[in-house]
Amino acid sequence: MSVTEKLSYKSWSAISLILHNGLKKYKPKNSKLVQLNQEVHNDNKTGSIAVFRNKSSMSRDMGFVVTSEEALIENIETLTHWTPNTFNWLGYDNSRKHIKGHSERNLSQINAFVVDIDFKDALDRDRNLNLVNSSIVLDDHILPTLVLKTDKGYQIYYILDRPAFLSKHKNGSMPVLSAARKISENIKSTIMGKIPATDVGCNSFGIFRIPREDNIIFFEPELTYSFAGFLMWSKSVTQKSKEKRKSNLKVINSPHSQYRKQTDQAWFRIMLTKHNIKPGQGLGRHNTILTLALACYSSGKNQNDAFNLLDEFNSYLEDPLDVRDMQRCVRDAYSGNYKGASKLYIDELIDTWATPDEKRIVVQESNVQWYKWAKPRTERVYSHVSEWLNDVIELINKVSSGADKVIMSTRAIRDALDISPSTLNRVMKQAISSNKLIVKKGKGNQASQIATLEMVLRALYRKRKAESIAWVNYLEAFLKLQNRQYIEEQSVFSDVEGIDDEVDRFGTNISTG
């Protein structure tokens with residue numbers, strides 16, 4: 001198959017969208033796309049990505065460096081993993097076997113935020129697909145651009161409409177990188193609240209599955225978002241989290257209280273006693289050692305002392321981490337890129353590996369006093385608007401029975417939920433303004449057409465599948481091709497044309513009807 005034929009693959013459309021022209025167009029040497037008498041025009045791009053042919057090579061950093069789209073196209077059919085975010089440069093170690101340079105501070109541009117969801121096996125993965133579909137819509141208005149199926153889970157791509165370029169200030173700070181880390185953390189923590197199998201310890205800007213024809217289950221190129229928009233969303237998530245902690249907690253200001261080093265805290269001591277930490281289960285060995293190393297760094301422990309401590313810890317593990325990987329963890333922790341161990345990671349480690357008694361010890365040590373919790377809804381006379389809104393969304397999803405929309409009057413909603421007209425009016429206005437419901441008013445006395453974003457996402461999935469089937473049938477009927485396997489390999493959709501027409505029919509002039 002020629003290079004130009006490969007360019008028409010749906011997977012290349014996704015790859016090209018992600019890369020945002022971050023690589024050279026052609027190979028600087030030995031290009032097959034540029035004639036001998038033509039000058040290579042590459043706009044002086046110097047971006048690099050790392051690619052891998054299988055998971056085993058990926059885990060050992062035994063891939064190769066790609067600096068042009070042409071080179072990527074030539075190898076596209078044999079690749080399984082890549083770095084979707086572009087680096088300034090990448091190289092090899094002295095043995096020429098292992099890639100080096102793929103650290104966060106060497107990033108040149110951030111193209112996408114990727115979340116890894118990893119279930120215990122393929123059966124559990126397939127069983128939880130509907131949960132994943134409903135959970136990866138952030139705050140009911142940010143949908144993913146791309147969803148890939150992995151051996152035991154899914155990888156969710158939120159692709160930026162244009163790359164966020166990184167630059168280093170004179171004081172060494174990289175504000176865009178710091179903001180991107182926080183955005184990624186909030187995306188993962190939001191999804192983890194609904195799907196515990198979310199890998200919060202996964203390197204946000206590291207190595208992920210590369211889009212292929214056999215792993216793309218959803219791709220909508222129109223669903224891209226600006227970095228500024230993600231930043232605003234992330235700030236709101238952080239603010240809500242702070243307000244929730246403030247309303248639920250009261251810090252005891254004891255005259256004897258003082259800052260305690262992370263290495264002196266209960267979680268650190270407890271994790272050092274764990275010898276059964278294995279890969280692929282919550283935060284595994286790599287993330288455990290990195291978190292412990294960050295605690296050592298923030299506590300002022302010498303790097304050599306930290307290495308010796310964690311080397312001993314690693315040696316007692318039933319399935320120890322490779323020494324080379326352990327050294328990298330300590331080196332990364334002491335690189336100065338981090339302040340210390342993240343609370344999100346600490347909580348996940350304790351939740352995964354600690355016993356119930358050990359968890360209680362960690363909670364008791366936190367020196368907080370709980371306020372009296374708000375009364376349960378069943379004990380209150382009035383419900384909050386947000387609670388009614390969740391009721392409406394659940395009702396619409398239930399009534400839809402898998403359809404793309406429902407036709408339902410406000411009277412029917414009131415009767416089903418036993419809600420007053422004035423309250424429902426407030427709820428629907430909030431739902432529409434926040435894009436949590438899409439509503440098209442019926443003509444005259446006809447009931448409104450209503451859809452939730454979960455239903456919209458489901459409609460988009462179905463449209464892509466229907467397009468694929470229709471294309472294969474066309475090839476069979478009109479091109480007289482009988483080899484179905486070959487036909488399916490040729491069934492490509494280069495650029496998907498916008499949002500589903502069925503979804504568009506709801507329109508933007510929204511009313512409660």
# chains A, B, ... in the order shown; residues from 1 in each chain; ligands from 1

$ residues_around --residues "A:Leu321" --least-positions-apart "3" --cutoff "8 Å" --atoms "only C-alpha atoms" --output "compact mmCIF listing (two decimals) with N, CA and C atoms, in the first residue's frame"
# COMPACT_ATOMS: atom_id res chain seq x y z
N ARG A 285 4.01 -0.34 41.33
CA ARG A 285 5.34 -0.15 41.91
C ARG A 285 5.98 1.17 41.52
N HIS A 286 5.91 1.51 40.23
CA HIS A 286 6.57 2.72 39.75
C HIS A 286 6.03 3.97 40.44
N ASN A 314 12.39 -1.58 47.59
CA ASN A 314 12.15 -2.28 46.32
C ASN A 314 12.61 -3.73 46.38
N ASP A 325 14.63 1.51 36.39
CA ASP A 325 13.41 2.30 36.54
C ASP A 325 13.33 2.95 37.91
N MET A 326 13.81 2.24 38.94
CA MET A 326 13.80 2.80 40.28
C MET A 326 14.73 4.02 40.36

$ residues_around --residues "stretch 347-349 of chain A" --least-positions-apart "2" --cutoff "12 Å" --atoms "only C-alpha atoms" --output "ChimeraX atom specification"
/A:189,192-193,196-201,266-268,270-272,274,277,281-292,341-345,351-355,358-359,362-363

$ residues_around --residues "stretch 213-217 of chain A" --least-positions-apart "6" --cutoff "8 Å" --atoms "only C-alpha atoms" --output "ChimeraX atom specification"
/A:9-11,146-150,461

$ residues_around --residues "stretch 123-129 of chain A" --least-positions-apart "6" --cutoff "8 Å" --atoms "only C-alpha atoms" --output "number ranges by chain"
A: 152-154

$ closest_residue --among "A:Ile195, A:Ser135, A:Trp89, A:Pro163" --to "A:Asn21" --atoms "only C-alpha atoms"
A:Pro163

$ select_by_dssp --residues "stretch 122-199 of chain A" --states "strand (DSSP E or B)" --output "PyMOL selection string"
chain A and resi 138+142+146-149+153-165+198

$ select_by_dssp --residues "stretch 109-235 of chain A" --states "helix (DSSP H, G or I)" --output "tab-separated table (two decimals) with N, CA and C atoms, in the first residue's frame"
chain	number	residue	atom	x	y	z
A	122	ALA	N	-10.53	-7.86	29.97
A	122	ALA	CA	-11.32	-7.40	28.83
A	122	ALA	C	-12.82	-7.53	29.08
A	123	LEU	N	-13.22	-8.58	29.80
A	123	LEU	CA	-14.64	-8.78	30.10
A	123	LEU	C	-15.16	-7.64	30.95
A	124	ASP	N	-14.39	-7.25	31.96
A	124	ASP	CA	-14.78	-6.14	32.83
A	124	ASP	C	-14.78	-4.83	32.05
A	125	ARG	N	-13.85	-4.71	31.12
A	125	ARG	CA	-13.81	-3.52	30.26
A	125	ARG	C	-15.09	-3.37	29.46
A	126	ASP	N	-15.50	-4.43	28.78
A	126	ASP	CA	-16.70	-4.37	27.94
A	126	ASP	C	-17.97	-4.17	28.78
A	127	ARG	N	-17.99	-4.78	29.96
A	127	ARG	CA	-19.15	-4.67	30.83
A	127	ARG	C	-19.36	-3.23	31.30
A	129	LEU	N	-18.61	-0.38	29.59
A	129	LEU	CA	-18.56	0.61	28.52
A	129	LEU	C	-19.58	1.73	28.71
A	130	ASN	N	-20.81	1.38	29.09
A	130	ASN	CA	-21.83	2.42	29.29
A	130	ASN	C	-21.46	3.37	30.41
A	131	LEU	N	-20.87	2.82	31.48
A	131	LEU	CA	-20.41	3.67	32.58
A	131	LEU	C	-19.32	4.62	32.10
A	132	VAL	N	-18.41	4.10	31.30
A	132	VAL	CA	-17.34	4.94	30.75
A	132	VAL	C	-17.93	6.05	29.89
A	133	ASN	N	-18.88	5.70	29.02
A	133	ASN	CA	-19.49	6.70	28.13
A	133	ASN	C	-20.09	7.86	28.91
A	134	SER	N	-20.74	7.56	30.01
A	134	SER	CA	-21.41	8.61	30.78
A	134	SER	C	-20.44	9.36	31.69
A	135	SER	N	-19.30	8.75	32.01
A	135	SER	CA	-18.37	9.34	32.99
A	135	SER	C	-17.31	10.22	32.37
A	175	PRO	N	5.05	28.20	33.38
A	175	PRO	CA	3.65	28.37	33.80
A	175	PRO	C	2.67	27.50	33.02
A	176	VAL	N	2.89	27.35	31.71
A	176	VAL	CA	1.97	26.55	30.90
A	176	VAL	C	2.00	25.09	31.35
A	177	LEU	N	3.20	24.58	31.64
A	177	LEU	CA	3.33	23.21	32.11
A	177	LEU	C	2.65	23.03	33.46
A	178	SER	N	2.83	23.98	34.36
A	178	SER	CA	2.19	23.90	35.68
A	178	SER	C	0.67	23.89	35.53
A	179	ALA	N	0.15	24.76	34.65
A	179	ALA	CA	-1.30	24.81	34.44
A	179	ALA	C	-1.79	23.51	33.81
A	180	ALA	N	-1.02	22.98	32.86
A	180	ALA	CA	-1.41	21.73	32.19
A	180	ALA	C	-1.44	20.57	33.17
A	181	ARG	N	-0.48	20.52	34.09
A	181	ARG	CA	-0.48	19.46	35.10
A	181	ARG	C	-1.76	19.51	35.94
A	182	LYS	N	-2.15	20.71	36.33
A	182	LYS	CA	-3.34	20.87	37.16
A	182	LYS	C	-4.59	20.49	36.38
A	183	ILE	N	-4.65	20.89	35.11
A	183	ILE	CA	-5.80	20.51	34.28
A	183	ILE	C	-5.90	19.00	34.19
A	184	SER	N	-4.78	18.36	33.90
A	184	SER	CA	-4.77	16.90	33.77
A	184	SER	C	-5.18	16.22	35.06
A	185	GLU	N	-4.68	16.73	36.17
A	185	GLU	CA	-5.02	16.15	37.48
A	185	GLU	C	-6.52	16.27	37.75
A	186	ASN	N	-7.10	17.42	37.40
A	186	ASN	CA	-8.53	17.61	37.64
A	186	ASN	C	-9.38	16.75	36.70
A	187	ILE	N	-8.93	16.55	35.47
A	187	ILE	CA	-9.65	15.67	34.56
A	187	ILE	C	-9.67	14.25	35.12
A	188	LYS	N	-8.50	13.76	35.56
A	188	LYS	CA	-8.42	12.39	36.06
A	188	LYS	C	-9.19	12.22	37.37
A	189	SER	N	-9.09	13.20	38.25
A	189	SER	CA	-9.79	13.07	39.53
A	189	SER	C	-11.31	13.14	39.33
A	190	THR	N	-11.76	13.95	38.35
A	190	THR	CA	-13.19	14.03	38.06
A	190	THR	C	-13.72	12.69	37.56
A	191	ILE	N	-12.99	12.07	36.65
A	191	ILE	CA	-13.42	10.78	36.11
A	191	ILE	C	-13.29	9.68	37.16
A	192	MET	N	-12.24	9.75	37.97
A	192	MET	CA	-12.03	8.73	39.00
A	192	MET	C	-13.17	8.73	40.02
A	227	PHE	N	-7.12	25.59	25.23
A	227	PHE	CA	-6.39	25.46	26.48
A	227	PHE	C	-6.96	26.42	27.51
A	228	ALA	N	-7.32	27.63	27.06
A	228	ALA	CA	-7.89	28.62	27.98
A	228	ALA	C	-9.21	28.12	28.56
A	229	GLY	N	-10.02	27.46	27.72
A	229	GLY	CA	-11.28	26.91	28.20
A	229	GLY	C	-11.06	25.82	29.24
A	230	PHE	N	-10.09	24.94	28.99
A	230	PHE	CA	-9.77	23.90	29.96
A	230	PHE	C	-9.24	24.51	31.26
A	231	LEU	N	-8.48	25.59	31.12
A	231	LEU	CA	-7.93	26.24	32.31
A	231	LEU	C	-9.05	26.83	33.17
A	232	MET	N	-10.03	27.46	32.54
A	232	MET	CA	-11.16	28.01	33.28
A	232	MET	C	-11.95	26.89	33.97
A	233	TRP	N	-12.16	25.79	33.23
A	233	TRP	CA	-12.87	24.65	33.81
A	233	TRP	C	-12.10	24.09	35.01
A	234	SER	N	-10.78	23.96	34.86
A	234	SER	CA	-9.95	23.40	35.92
A	234	SER	C	-10.00	24.28	37.17
A	235	LYS	N	-9.96	25.59	36.97
A	235	LYS	CA	-10.03	26.51	38.11
A	235	LYS	C	-11.35	26.36	38.85

$ atom_distance --atom1 "atom CA of A:Lys242" --atom2 "atom CA of A:Leu138"
18.4 Å

$ residues_around --residues "A:Ala459" --least-positions-apart "3" --cutoff "6 Å" --atoms "only C-alpha atoms" --output "list in words"
Asp404, Val456 and Arg462 of chain A

$ closest_residue --among "A:Ser57, A:Ser31, A:Phe87, A:Asp357" --to "A:Ile73" --atoms "only C-alpha atoms"
A:Ser31

$ residues_around --residues "A:Lys261" --least-positions-apart "2" --cutoff "12 Å" --atoms "only C-alpha atoms" --output "VMD selection string"
chain A and resid 258 to 259 263 to 269 294 to 301 340 to 341

$ closest_residue --among "A:Asp418, A:Ser59, A:Asn425, A:Thr410" --to "A:Gln449" --atoms "only C-alpha atoms"
A:Thr410

$ atom_distance --atom1 "atom CA of A:Ala50" --atom2 "atom CA of A:Phe219"
22.7 Å

$ closest_residue --among "A:Lys29, A:Lys398, A:Lys120, A:His102" --to "A:Pro84" --atoms "only C-alpha atoms"
A:His102

$ closest_residue --among "A:Thr46, A:Asn88, A:Thr83, A:Ser422" --to "A:Ile15" --atoms "only C-alpha atoms"
A:Thr83
